[in-house]
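In what follows, a single structure is set out as structure tokens and then discussed.
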There are 2 protein chains.
Amino acid sequence: MTKTIGIIGGLGPAATADFFQKLIAATPARGDSDHLRVLIDSNPRIPDRNAAIAGRGESPAPYLVAAALGLERAGADLLVMACNTAHHWQDDVRAAVAIPFLSMIDETADAAAASGAATIAILAADGARGAQLYERALEQRGRAWLRLDEKAQREFMDLIYAVKAGDRSEPIRAAMRAHAHALIASGADALIAGCTEIPLVLDAPDVSVPLIESTDVLVRRVIARARA
Amino acid sequence: MTKTIGIIGGLGPAATADFFQKLIAATPARGDSDHLRVLIDSNPRIPDRNAAIAGRGESPAPYLVAAALGLERAGADLLVMACNTAHHWQDDVRAAVAIPFLSMIDETADAAAASGAATIAILAADGARGAQLYERALEQRGRAWLRLDEKAQREFMDLIYAVKAGDRSEPIRAAMRAHAHALIASGADALIAGCTEIPLVLDAPDVSVPLIESTDVLVRRVIARARA
């Protein structure tokens with residue numbers, strides 16, 4: 001009997017749909033009935049995570065906890081959150097439910113460490129950066145990291161908000177590639193796509209080093225856990 | 001205050017993800033918070049609708065009702081089902097919940113009638129065909145319909161099950177186009193894509209008459225209702 005996956009989503013909604021679609025595509029299946037049951041709460045009204053970490057907005061914690069409890073009550077056996085930055089509150093979510101929560105940050109950092117790379121570049125939103133989610137996870141795994149400078153980070157955030165507004169045009173893609181290439185030029189031998197909007201405009205063939213996409217890593221891990 | 005949309009899904013899962021993605025893309029939004037809250041129960045273990053209508057399998061009705069009740073309990077204000085064939089049991093779903101249920105069949109038949117077409121071709125799965133879901137809906141709206149012959153229908157169902165197994169290759173697309181073209185050659189001046197797997201391998205530019213896609217129609221209608 002496979003486990004039912006609960007997805008805390010809407011952070012943003014397009015990234016949630018991308019996560020769901022990749023989960024289906026990565027599930028070995030010959031027909032409908034081989035797929036996993038998935039419950040999704042895509043709630044775009046959850047307060048902005050980046051603003052909250054910067055101290056400029058309401059905390060999303062009570063909303064994330066409410067979503068987790070609702071998914072548990074609806075029958076989820078295993079929870080994930082389709083947003084890196086929201087993992088700043090992962091301990092609140094974990095504490096609220098009796099079912100396991102699979103962390104996108106921990107699983108992605110494990111995959112990055114397993115890639116054998118010595119210096120890992122992090123592309124992540126302001127909130128995840130401010131909370132040092134990936135920085136600390138990589139240090140715990142004995143890996144060096146580097147990231148965009150302040151000015152490039154501001155340009156990167158403009159791209160993320162453009163993607164959230166539905167723009168996946170070539171100029172947005174080109175600008176995202178440029179940020180990735182700059183990090184590689186600075187000495188990274190692997191790159192973490194640590195925001196679920198990044199894979200909507202950046203693909204593995206766009207970069208010359210292993211691209212460790214948090215969405216793909218968590219999709220693979222949650223399928224393995226649900227089928228175990 | 002917008003309404004929360006509940007999606008009874010998993011019938012199949014890829015069609016549910018397609019519906020969710022189109023719903024996000026069709027929502028006017030400048031950022032996350034302009035999007036609608038969506039709750040999804042994607043349960044691929046719901047018994048095969050086509051087999052049940054043919055009298056060869058367990059009824060999905062209790063599962064559809066359970067999904068509807070679960071979504072209502074979780075906070076949905078409005079229900080939809082991302083599967084045409086499952087609408088054979090739409091009255092069971094309607095009777096079980098206090099919130100409105102928006103019918104993919106009725107909305108699509110309305111859109112087809114509004115297109116001004118006199119003779120409307122129906123591409124639909126065996127179950128929807130056996131239950132005459134679109135045939136009766138079009139007759140109620142004073143429209144003539146035509147559909148594939150028995151042999152072509154069997155070939156069409158092989159395509160649908162191939163899509164459900166993840167195949168969206170060009171040979172599958174070419175075969176789907178050929179069925180659409182044959183119906184147009186028989187005199188149809190509009191075509192209903194009456195199965196949520198069809199738009200995964202057939203696009204409007206592939207056919208010379210208006211293609212009325214049940215997924216697109218319901219997406220537009222449910223957004224309007226949720227924002228009303």
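By convention here, the chains of the structure tokens are called A, B, ... in the order presented, each chain's residues are numbered starting at 1, and ligands are numbered starting at 1 in the order presented.
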Subject >> DSSP strand (DSSP E or B) residues within segment 90-196 of chain B, as a list of chain:residue names >> reply: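 The strand (DSSP E or B) residues within segment 90-196 of chain B come out as B:Phe101, B:Thr119, B:Ile120, B:Ala121, B:Ile122, B:Leu123, B:Ala144, B:Trp145, B:Leu146, B:Arg147, B:Ala190, B:Leu191, B:Ile192, B:Ala193.
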Export, as a short mmCIF file (atom, residue, chain, number, x, y, z; two decimals), in the first residue's frame, the selected residues with N, CA and C atoms.
```cif
data_model
loop_
_atom_site.label_atom_id
_atom_site.label_comp_id
_atom_site.auth_asym_id
_atom_site.auth_seq_id
_atom_site.Cartn_x
_atom_site.Cartn_y
_atom_site.Cartn_z
N PHE B 101 -21.65 22.44 -7.48
CA PHE B 101 -20.81 21.62 -8.36
C PHE B 101 -20.99 22.15 -9.77
N THR B 119 -23.72 21.29 -36.51
CA THR B 119 -23.41 19.88 -36.29
C THR B 119 -22.08 19.79 -35.53
N ILE B 120 -22.15 19.17 -34.39
CA ILE B 120 -20.99 19.17 -33.49
C ILE B 120 -20.46 17.74 -33.33
N ALA B 121 -19.16 17.57 -33.60
CA ALA B 121 -18.55 16.25 -33.43
C ALA B 121 -18.10 16.08 -31.98
N ILE B 122 -18.26 14.86 -31.48
CA ILE B 122 -17.88 14.55 -30.10
C ILE B 122 -16.74 13.55 -30.10
N LEU B 123 -15.62 13.92 -29.49
CA LEU B 123 -14.55 12.96 -29.21
C LEU B 123 -14.61 12.72 -27.71
N ALA B 144 -27.33 19.05 -33.52
CA ALA B 144 -27.02 17.73 -34.07
C ALA B 144 -25.60 17.35 -33.70
N TRP B 145 -25.35 16.05 -33.56
CA TRP B 145 -24.00 15.61 -33.21
C TRP B 145 -23.60 14.43 -34.09
N LEU B 146 -22.33 14.20 -34.20
CA LEU B 146 -21.83 12.98 -34.82
C LEU B 146 -20.61 12.55 -34.05
N ARG B 147 -20.25 11.27 -34.22
CA ARG B 147 -19.12 10.74 -33.45
C ARG B 147 -18.40 9.65 -34.23
N ALA B 190 -17.92 22.00 -35.68
CA ALA B 190 -17.21 22.26 -34.42
C ALA B 190 -16.88 20.89 -33.83
N LEU B 191 -15.91 20.87 -32.92
CA LEU B 191 -15.45 19.59 -32.37
C LEU B 191 -15.29 19.74 -30.86
N ILE B 192 -15.96 18.87 -30.12
CA ILE B 192 -15.80 18.86 -28.66
C ILE B 192 -14.69 17.89 -28.28
N ALA B 193 -13.66 18.41 -27.59
CA ALA B 193 -12.64 17.54 -27.00
C ALA B 193 -13.18 17.14 -25.64
#
```
Sorted by chain and rising residue number, list the residues of chain B at most 9 Å from chain A (counting only C-alpha atoms), each with its closest atom pair and distance in Å to one decimal, as JSON lines.
```
{"residue": "B:Thr4", "atom": "CA", "partner": "A:Asn43", "partner_atom": "CA", "distance": 8.9}
{"residue": "B:Gly10", "atom": "CA", "partner": "A:Asp32", "partner_atom": "CA", "distance": 7.4}
{"residue": "B:Leu11", "atom": "CA", "partner": "A:Asp32", "partner_atom": "CA", "distance": 7.0}
{"residue": "B:Gly12", "atom": "CA", "partner": "A:Asp32", "partner_atom": "CA", "distance": 5.4}
{"residue": "B:Pro13", "atom": "CA", "partner": "A:Asp32", "partner_atom": "CA", "distance": 6.8}
{"residue": "B:Ala14", "atom": "CA", "partner": "A:Ile24", "partner_atom": "CA", "distance": 6.7}
{"residue": "B:Ala17", "atom": "CA", "partner": "A:Gln21", "partner_atom": "CA", "distance": 5.7}
{"residue": "B:Asp18", "atom": "CA", "partner": "A:Gln21", "partner_atom": "CA", "distance": 8.0}
{"residue": "B:Phe20", "atom": "CA", "partner": "A:Ala17", "partner_atom": "CA", "distance": 6.6}
{"residue": "B:Gln21", "atom": "CA", "partner": "A:Ala17", "partner_atom": "CA", "distance": 5.7}
{"residue": "B:Ile24", "atom": "CA", "partner": "A:Ala14", "partner_atom": "CA", "distance": 6.7}
{"residue": "B:Ala25", "atom": "CA", "partner": "A:Gly166", "partner_atom": "CA", "distance": 7.3}
{"residue": "B:Ala29", "atom": "CA", "partner": "A:Ala165", "partner_atom": "CA", "distance": 6.3}
{"residue": "B:Arg30", "atom": "CA", "partner": "A:Ala165", "partner_atom": "CA", "distance": 4.7}
{"residue": "B:Gly31", "atom": "CA", "partner": "A:Ala165", "partner_atom": "CA", "distance": 4.7}
{"residue": "B:Asp32", "atom": "CA", "partner": "A:Pro44", "partner_atom": "CA", "distance": 5.4}
{"residue": "B:Ser33", "atom": "CA", "partner": "A:Pro44", "partner_atom": "CA", "distance": 5.1}
{"residue": "B:Asp34", "atom": "CA", "partner": "A:Pro44", "partner_atom": "CA", "distance": 7.4}
{"residue": "B:His35", "atom": "CA", "partner": "A:Pro44", "partner_atom": "CA", "distance": 5.9}
{"residue": "B:Leu36", "atom": "CA", "partner": "A:Pro44", "partner_atom": "CA", "distance": 6.7}
{"residue": "B:Arg37", "atom": "CA", "partner": "A:Asn43", "partner_atom": "CA", "distance": 4.6}
{"residue": "B:Val38", "atom": "CA", "partner": "A:Ser42", "partner_atom": "CA", "distance": 5.1}
{"residue": "B:Leu39", "atom": "CA", "partner": "A:Asp41", "partner_atom": "CA", "distance": 4.8}
{"residue": "B:Ile40", "atom": "CA", "partner": "A:Ile40", "partner_atom": "CA", "distance": 4.9}
{"residue": "B:Asp41", "atom": "CA", "partner": "A:Leu39", "partner_atom": "CA", "distance": 4.8}
{"residue": "B:Ser42", "atom": "CA", "partner": "A:Val38", "partner_atom": "CA", "distance": 5.1}
{"residue": "B:Asn43", "atom": "CA", "partner": "A:Arg37", "partner_atom": "CA", "distance": 4.6}
{"residue": "B:Pro44", "atom": "CA", "partner": "A:Ser33", "partner_atom": "CA", "distance": 5.1}
{"residue": "B:Arg45", "atom": "CA", "partner": "A:Ser33", "partner_atom": "CA", "distance": 5.2}
{"residue": "B:Ile46", "atom": "CA", "partner": "A:Ser33", "partner_atom": "CA", "distance": 7.8}
{"residue": "B:Pro47", "atom": "CA", "partner": "A:Ser33", "partner_atom": "CA", "distance": 8.2}
{"residue": "B:Asp48", "atom": "CA", "partner": "A:Ser33", "partner_atom": "CA", "distance": 8.5}
{"residue": "B:Gly70", "atom": "CA", "partner": "A:Ala74", "partner_atom": "CA", "distance": 6.4}
{"residue": "B:Leu71", "atom": "CA", "partner": "A:Ala74", "partner_atom": "CA", "distance": 8.2}
{"residue": "B:Arg73", "atom": "CA", "partner": "A:Ala74", "partner_atom": "CA", "distance": 8.5}
{"residue": "B:Ala74", "atom": "CA", "partner": "A:Gly70", "partner_atom": "CA", "distance": 6.4}
{"residue": "B:Tyr161", "atom": "CA", "partner": "A:Gly31", "partner_atom": "CA", "distance": 7.1}
{"residue": "B:Ala162", "atom": "CA", "partner": "A:Gly31", "partner_atom": "CA", "distance": 8.2}
{"residue": "B:Val163", "atom": "CA", "partner": "A:Gly31", "partner_atom": "CA", "distance": 8.8}
{"residue": "B:Lys164", "atom": "CA", "partner": "A:Gly31", "partner_atom": "CA", "distance": 5.5}
{"residue": "B:Ala165", "atom": "CA", "partner": "A:Arg30", "partner_atom": "CA", "distance": 4.7}
{"residue": "B:Gly166", "atom": "CA", "partner": "A:Ala25", "partner_atom": "CA", "distance": 7.4}
```
Just-selected residues, N, CA and C atoms written as a tab-separated table (two decimals), in the first residue's frame:
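Writing the result to out.tsv gives the following:
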```tsv
chain	number	residue	atom	x	y	z
B	4	THR	N	-12.90	29.33	-2.77
B	4	THR	CA	-11.90	28.26	-2.87
B	4	THR	C	-12.45	27.15	-3.75
B	10	GLY	N	-7.34	13.01	-10.35
B	10	GLY	CA	-6.69	11.70	-10.41
B	10	GLY	C	-7.28	10.79	-11.47
B	11	LEU	N	-8.11	11.40	-12.33
B	11	LEU	CA	-8.93	10.62	-13.28
B	11	LEU	C	-8.60	10.99	-14.73
B	12	GLY	N	-7.39	10.95	-15.24
B	12	GLY	CA	-6.19	10.57	-14.54
B	12	GLY	C	-5.45	11.77	-13.95
B	13	PRO	N	-4.33	11.46	-13.29
B	13	PRO	CA	-3.54	12.49	-12.64
B	13	PRO	C	-2.96	13.53	-13.60
B	14	ALA	N	-2.48	13.11	-14.78
B	14	ALA	CA	-1.88	14.07	-15.72
B	14	ALA	C	-2.93	15.08	-16.18
B	17	ALA	N	-3.32	17.61	-13.40
B	17	ALA	CA	-2.22	18.59	-13.40
B	17	ALA	C	-2.41	19.58	-14.54
B	18	ASP	N	-2.84	19.10	-15.70
B	18	ASP	CA	-3.10	19.98	-16.85
B	18	ASP	C	-4.19	20.99	-16.51
B	20	PHE	N	-5.08	22.05	-13.49
B	20	PHE	CA	-4.55	22.95	-12.46
B	20	PHE	C	-3.64	24.01	-13.10
B	21	GLN	N	-2.75	23.56	-13.99
B	21	GLN	CA	-1.83	24.48	-14.65
B	21	GLN	C	-2.59	25.50	-15.51
B	24	ILE	N	-4.25	28.14	-13.33
B	24	ILE	CA	-3.31	29.17	-12.88
B	24	ILE	C	-3.00	30.13	-14.03
B	25	ALA	N	-2.73	29.57	-15.23
B	25	ALA	CA	-2.35	30.41	-16.37
B	25	ALA	C	-3.50	31.34	-16.77
B	29	ALA	N	-3.42	37.70	-12.80
B	29	ALA	CA	-2.63	37.83	-11.57
B	29	ALA	C	-1.33	38.54	-11.82
B	30	ARG	N	-0.98	39.44	-10.91
B	30	ARG	CA	0.33	40.12	-10.99
B	30	ARG	C	1.31	39.48	-10.02
B	31	GLY	N	0.82	38.60	-9.17
B	31	GLY	CA	1.69	37.95	-8.19
B	31	GLY	C	0.92	36.84	-7.52
B	32	ASP	N	1.60	36.12	-6.62
B	32	ASP	CA	0.98	34.98	-5.94
B	32	ASP	C	-0.41	35.30	-5.39
B	33	SER	N	-0.52	36.44	-4.69
B	33	SER	CA	-1.71	36.66	-3.88
B	33	SER	C	-2.96	36.95	-4.71
B	34	ASP	N	-2.82	37.18	-6.02
B	34	ASP	CA	-4.00	37.36	-6.88
B	34	ASP	C	-4.58	36.02	-7.33
B	35	HIS	N	-3.88	34.93	-7.05
B	35	HIS	CA	-4.37	33.62	-7.48
B	35	HIS	C	-5.45	33.09	-6.55
B	36	LEU	N	-6.16	32.08	-7.03
B	36	LEU	CA	-7.24	31.48	-6.27
B	36	LEU	C	-6.72	30.35	-5.40
B	37	ARG	N	-7.36	30.15	-4.25
B	37	ARG	CA	-7.01	28.97	-3.46
B	37	ARG	C	-7.64	27.75	-4.10
B	38	VAL	N	-6.85	26.70	-4.25
B	38	VAL	CA	-7.31	25.48	-4.91
B	38	VAL	C	-6.97	24.29	-4.02
B	39	LEU	N	-7.95	23.45	-3.76
B	39	LEU	CA	-7.72	22.20	-3.04
B	39	LEU	C	-7.90	21.05	-4.04
B	40	ILE	N	-6.96	20.13	-4.06
B	40	ILE	CA	-7.01	19.03	-5.02
B	40	ILE	C	-6.94	17.70	-4.29
B	41	ASP	N	-7.83	16.78	-4.64
B	41	ASP	CA	-7.70	15.39	-4.22
B	41	ASP	C	-7.47	14.58	-5.49
B	42	SER	N	-6.20	14.28	-5.76
B	42	SER	CA	-5.85	13.51	-6.96
B	42	SER	C	-5.72	12.05	-6.55
B	43	ASN	N	-6.78	11.31	-6.74
B	43	ASN	CA	-6.83	9.93	-6.26
B	43	ASN	C	-6.94	8.94	-7.43
B	44	PRO	N	-5.79	8.47	-7.91
B	44	PRO	CA	-5.79	7.59	-9.09
B	44	PRO	C	-6.34	6.20	-8.80
B	45	ARG	N	-6.67	5.93	-7.51
B	45	ARG	CA	-7.22	4.62	-7.16
B	45	ARG	C	-8.73	4.56	-7.35
B	46	ILE	N	-9.34	5.64	-7.77
B	46	ILE	CA	-10.78	5.62	-8.05
B	46	ILE	C	-11.00	4.64	-9.21
B	47	PRO	N	-11.93	3.69	-9.06
B	47	PRO	CA	-12.10	2.65	-10.08
B	47	PRO	C	-12.33	3.22	-11.48
B	48	ASP	N	-11.88	2.52	-12.49
B	48	ASP	CA	-11.97	2.92	-13.90
B	48	ASP	C	-13.41	3.24	-14.29
B	70	GLY	N	-14.67	15.27	1.31
B	70	GLY	CA	-13.38	15.63	1.88
B	70	GLY	C	-12.99	17.05	1.48
B	71	LEU	N	-13.21	17.40	0.22
B	71	LEU	CA	-12.86	18.75	-0.25
B	71	LEU	C	-13.77	19.80	0.40
B	73	ARG	N	-15.19	19.53	3.34
B	73	ARG	CA	-14.77	19.62	4.73
B	73	ARG	C	-13.48	20.44	4.85
B	74	ALA	N	-12.60	20.32	3.83
B	74	ALA	CA	-11.32	21.03	3.87
B	74	ALA	C	-11.46	22.51	3.53
B	161	TYR	N	-5.58	5.58	-23.55
B	161	TYR	CA	-4.84	4.81	-22.55
B	161	TYR	C	-3.33	4.99	-22.72
B	162	ALA	N	-2.86	5.21	-23.96
B	162	ALA	CA	-1.43	5.50	-24.18
B	162	ALA	C	-1.07	6.83	-23.52
B	163	VAL	N	-1.93	7.84	-23.65
B	163	VAL	CA	-1.68	9.15	-23.02
B	163	VAL	C	-1.66	8.99	-21.50
B	164	LYS	N	-2.61	8.21	-20.98
B	164	LYS	CA	-2.64	7.98	-19.53
B	164	LYS	C	-1.36	7.30	-19.04
B	165	ALA	N	-0.71	6.51	-19.93
B	165	ALA	CA	0.54	5.84	-19.57
B	165	ALA	C	1.74	6.75	-19.80
B	166	GLY	N	1.48	8.01	-20.22
B	166	GLY	CA	2.57	8.98	-20.32
B	166	GLY	C	3.07	9.24	-21.73
```
Could I have chain B as a short mmCIF file (atom, residue, chain, number, x, y, z; two decimals) with C-alpha atoms, in the first residue's frame after it is superimposed on chain A by least squares, pairing all C-alpha atoms in sequence order?
```
data_model
loop_
_atom_site.label_atom_id
_atom_site.label_comp_id
_atom_site.auth_asym_id
_atom_site.auth_seq_id
_atom_site.Cartn_x
_atom_site.Cartn_y
_atom_site.Cartn_z
CA MET B 1 -0.01 0.00 0.03
CA THR B 2 1.53 3.30 -1.04
CA LYS B 3 1.36 6.46 1.06
CA THR B 4 -0.76 9.51 0.28
CA ILE B 5 1.34 12.63 -0.31
CA GLY B 6 0.17 15.99 1.05
CA ILE B 7 1.54 19.11 -0.66
CA ILE B 8 1.52 22.47 1.13
CA GLY B 9 1.40 24.70 -1.94
CA GLY B 10 0.47 28.02 -3.47
CA LEU B 11 3.89 29.47 -2.67
CA GLY B 12 3.52 30.24 -5.57
CA PRO B 13 0.82 28.29 -7.38
CA ALA B 14 2.79 27.81 -10.65
CA ALA B 15 5.64 26.19 -8.71
CA THR B 16 3.09 23.90 -7.02
CA ALA B 17 1.67 22.85 -10.41
CA ASP B 18 5.23 22.28 -11.67
CA PHE B 19 5.95 20.10 -8.63
CA PHE B 20 2.72 18.10 -9.12
CA GLN B 21 3.38 17.59 -12.84
CA LYS B 22 6.96 16.45 -12.22
CA LEU B 23 5.76 14.09 -9.49
CA ILE B 24 3.34 12.45 -11.94
CA ALA B 25 5.96 12.29 -14.73
CA ALA B 26 8.54 10.71 -12.38
CA THR B 27 6.17 8.02 -11.03
CA PRO B 28 6.66 4.65 -12.74
CA ALA B 29 3.14 3.94 -14.10
CA ARG B 30 1.45 2.03 -16.91
CA GLY B 31 -1.93 3.58 -16.16
CA ASP B 32 -3.88 5.74 -13.74
CA SER B 33 -3.97 3.22 -10.92
CA ASP B 34 -0.16 2.98 -10.60
CA HIS B 35 -0.01 6.66 -9.62
CA LEU B 36 0.15 7.97 -6.08
CA ARG B 37 -2.70 9.69 -4.30
CA VAL B 38 -1.83 13.35 -3.85
CA LEU B 39 -3.67 15.96 -1.77
CA ILE B 40 -2.83 19.60 -2.51
CA ASP B 41 -3.68 22.77 -0.62
CA SER B 42 -2.61 25.53 -3.00
CA ASN B 43 -3.21 28.63 -0.92
CA PRO B 44 -1.70 31.74 -2.55
CA ARG B 45 -3.02 33.89 0.33
CA ILE B 46 -0.28 32.64 2.65
CA PRO B 47 1.69 35.80 3.55
CA ASP B 48 4.87 36.54 1.56
CA ARG B 49 7.72 34.47 2.99
CA ASN B 50 10.47 36.82 1.88
CA ALA B 51 8.80 39.88 3.42
CA ALA B 52 8.24 38.00 6.70
CA ILE B 53 11.87 36.88 7.03
CA ALA B 54 12.97 40.47 6.30
CA GLY B 55 10.73 41.59 9.21
CA ARG B 56 8.37 43.49 6.93
CA GLY B 57 5.25 41.35 7.02
CA GLU B 58 2.94 38.91 8.77
CA SER B 59 4.35 35.47 9.58
CA PRO B 60 3.14 32.66 7.31
CA ALA B 61 3.70 30.12 10.11
CA PRO B 62 0.05 29.83 11.29
CA TYR B 63 -1.10 29.42 7.67
CA LEU B 64 1.51 26.74 6.93
CA VAL B 65 0.52 24.90 10.12
CA ALA B 66 -3.18 25.14 9.21
CA ALA B 67 -2.47 23.72 5.73
CA ALA B 68 -0.42 20.88 7.25
CA LEU B 69 -3.18 20.01 9.73
CA GLY B 70 -5.83 20.15 7.01
CA LEU B 71 -3.85 17.79 4.76
CA GLU B 72 -3.21 15.40 7.65
CA ARG B 73 -6.92 15.41 8.51
CA ALA B 74 -7.78 14.79 4.84
CA GLY B 75 -5.67 11.63 4.83
CA ALA B 76 -2.08 12.57 3.95
CA ASP B 77 0.55 10.13 5.27
CA LEU B 78 3.56 12.26 4.35
CA LEU B 79 3.96 16.02 3.92
CA VAL B 80 6.05 18.19 1.63
CA MET B 81 6.15 21.92 0.98
CA ALA B 82 6.65 23.11 -2.62
CA CYS B 83 8.63 26.24 -1.61
CA ASN B 84 12.20 26.45 -0.34
CA THR B 85 11.85 29.72 1.54
CA ALA B 86 8.87 28.48 3.53
CA HIS B 87 11.18 25.89 5.07
CA HIS B 88 12.30 28.61 7.45
CA TRP B 89 9.18 27.50 9.36
CA GLN B 90 9.64 23.75 8.82
CA ASP B 91 10.01 23.11 12.56
CA ASP B 92 6.59 24.72 13.19
CA VAL B 93 5.05 22.41 10.59
CA ARG B 94 6.84 19.34 11.99
CA ALA B 95 5.72 20.13 15.52
CA ALA B 96 2.07 20.50 14.50
CA VAL B 97 1.50 17.13 12.81
CA ALA B 98 1.97 13.45 13.66
CA ILE B 99 2.89 12.43 10.07
CA PRO B 100 6.43 12.77 8.64
CA PHE B 101 7.53 15.96 6.87
CA LEU B 102 10.16 15.59 4.13
CA SER B 103 12.37 18.70 3.95
CA MET B 104 13.20 20.12 0.51
CA ILE B 105 16.27 21.86 2.01
CA ASP B 106 17.73 18.76 3.68
CA GLU B 107 17.08 16.47 0.70
CA THR B 108 18.57 18.99 -1.76
CA ALA B 109 21.65 19.63 0.42
CA ASP B 110 22.12 15.84 0.68
CA ALA B 111 21.96 15.53 -3.11
CA ALA B 112 24.41 18.43 -3.55
CA ALA B 113 26.87 16.87 -1.09
CA ALA B 114 26.48 13.48 -2.83
CA SER B 115 27.35 15.07 -6.18
CA GLY B 116 30.97 15.27 -4.99
CA ALA B 117 31.20 19.01 -5.63
CA ALA B 118 33.56 20.90 -3.29
CA THR B 119 32.13 24.38 -3.79
CA ILE B 120 28.42 24.70 -4.31
CA ALA B 121 26.68 27.83 -5.59
CA ILE B 122 23.28 28.70 -4.14
CA LEU B 123 20.56 30.47 -6.12
CA ALA B 124 17.81 31.21 -3.60
CA ALA B 125 15.22 33.85 -2.81
CA ASP B 126 15.87 36.66 -0.31
CA GLY B 127 14.09 34.89 2.52
CA ALA B 128 15.97 31.60 2.17
CA ARG B 129 19.19 33.65 1.89
CA GLY B 130 18.37 35.82 4.89
CA ALA B 131 17.58 32.72 6.94
CA GLN B 132 20.69 31.00 5.50
CA LEU B 133 18.72 27.81 4.89
CA TYR B 134 21.08 26.32 2.28
CA GLU B 135 24.21 27.98 3.64
CA ARG B 136 23.79 26.24 7.02
CA ALA B 137 22.68 22.94 5.48
CA LEU B 138 25.80 22.83 3.28
CA GLU B 139 28.11 23.77 6.18
CA GLN B 140 26.61 20.93 8.24
CA ARG B 141 27.60 18.64 5.36
CA GLY B 142 31.18 20.03 5.17
CA ARG B 143 30.70 21.86 1.87
CA ALA B 144 31.84 25.35 0.86
CA TRP B 145 29.23 27.59 -0.74
CA LEU B 146 29.07 30.83 -2.66
CA ARG B 147 26.18 33.01 -3.72
CA LEU B 148 25.25 36.16 -5.66
CA ASP B 149 26.45 39.54 -4.41
CA GLU B 150 23.85 42.00 -3.07
CA LYS B 151 23.31 43.79 -6.37
CA ALA B 152 22.96 40.58 -8.41
CA GLN B 153 20.60 39.20 -5.73
CA ARG B 154 18.27 42.19 -6.18
CA GLU B 155 18.23 41.58 -9.95
CA PHE B 156 17.61 37.86 -9.31
CA MET B 157 14.61 38.65 -7.07
CA ASP B 158 13.11 40.81 -9.84
CA LEU B 159 13.29 37.72 -12.06
CA ILE B 160 11.60 35.54 -9.44
CA TYR B 161 8.72 37.97 -9.04
CA ALA B 162 8.42 38.23 -12.86
CA VAL B 163 8.11 34.41 -13.03
CA LYS B 164 5.50 34.50 -10.26
CA ALA B 165 3.57 37.02 -12.41
CA GLY B 166 3.61 34.50 -15.28
CA ASP B 167 6.58 35.76 -17.35
CA ARG B 168 8.73 32.90 -18.70
CA SER B 169 10.00 34.80 -21.75
CA GLU B 170 13.46 34.47 -23.26
CA PRO B 171 14.78 37.74 -21.70
CA ILE B 172 13.89 36.37 -18.26
CA ARG B 173 15.54 33.03 -19.10
CA ALA B 174 18.66 34.78 -20.46
CA ALA B 175 19.00 36.88 -17.30
CA MET B 176 18.61 33.75 -15.12
CA ARG B 177 21.28 31.94 -17.16
CA ALA B 178 23.62 34.93 -16.73
CA HIS B 179 23.35 34.72 -12.92
CA ALA B 180 24.06 30.98 -13.03
CA HIS B 181 27.05 31.48 -15.32
CA ALA B 182 28.49 34.21 -13.07
CA LEU B 183 28.39 31.85 -10.08
CA ILE B 184 30.14 29.10 -12.08
CA ALA B 185 32.79 31.61 -13.23
CA SER B 186 33.38 32.40 -9.54
CA GLY B 187 34.41 28.78 -8.91
CA ALA B 188 31.28 26.73 -8.23
CA ASP B 189 31.40 23.12 -9.39
CA ALA B 190 27.69 22.53 -8.72
CA LEU B 191 24.66 24.81 -8.55
CA ILE B 192 21.61 24.51 -6.30
CA ALA B 193 18.38 25.81 -7.84
CA GLY B 194 17.03 26.63 -4.38
CA CYS B 195 13.78 28.31 -5.32
CA THR B 196 10.88 26.45 -6.97
CA GLU B 197 10.43 29.22 -9.55
CA ILE B 198 13.98 28.74 -10.94
CA PRO B 199 13.33 25.50 -12.90
CA LEU B 200 10.46 27.26 -14.68
CA VAL B 201 13.09 29.36 -16.53
CA LEU B 202 16.42 27.48 -16.13
CA ASP B 203 17.18 23.95 -17.34
CA ALA B 204 20.14 21.62 -16.71
CA PRO B 205 21.49 22.07 -20.30
CA ASP B 206 21.76 25.83 -19.61
CA VAL B 207 24.71 25.34 -17.23
CA SER B 208 28.08 23.56 -17.44
CA VAL B 209 28.07 22.11 -13.90
CA PRO B 210 25.54 19.77 -12.21
CA LEU B 211 22.30 21.66 -11.57
CA ILE B 212 20.72 20.36 -8.39
CA GLU B 213 17.07 21.32 -8.62
CA SER B 214 15.24 21.31 -5.32
CA THR B 215 11.96 20.46 -7.08
CA ASP B 216 13.40 17.39 -8.84
CA VAL B 217 15.24 16.16 -5.76
CA LEU B 218 12.16 16.35 -3.53
CA VAL B 219 9.97 14.75 -6.22
CA ARG B 220 12.32 11.75 -6.45
CA ARG B 221 12.64 11.42 -2.67
CA VAL B 222 8.93 11.73 -1.90
CA ILE B 223 8.04 9.11 -4.54
CA ALA B 224 10.59 6.72 -3.02
CA ARG B 225 9.17 7.30 0.46
CA ALA B 226 5.55 6.95 -0.65
CA ARG B 227 6.29 3.67 -2.42
CA ALA B 228 8.54 2.24 0.32
#
```
**OP:** Could you give me, as an MDAnalysis selection string, each residue of segment 25-177 of chain B that DSSP assigns to alpha helix (DSSP H) when run on this structure's backbone?
**Re:** chainID B and resid 25:26 49:53 61:74 90:96 104:114 126:130 133:140 150:164 170:177
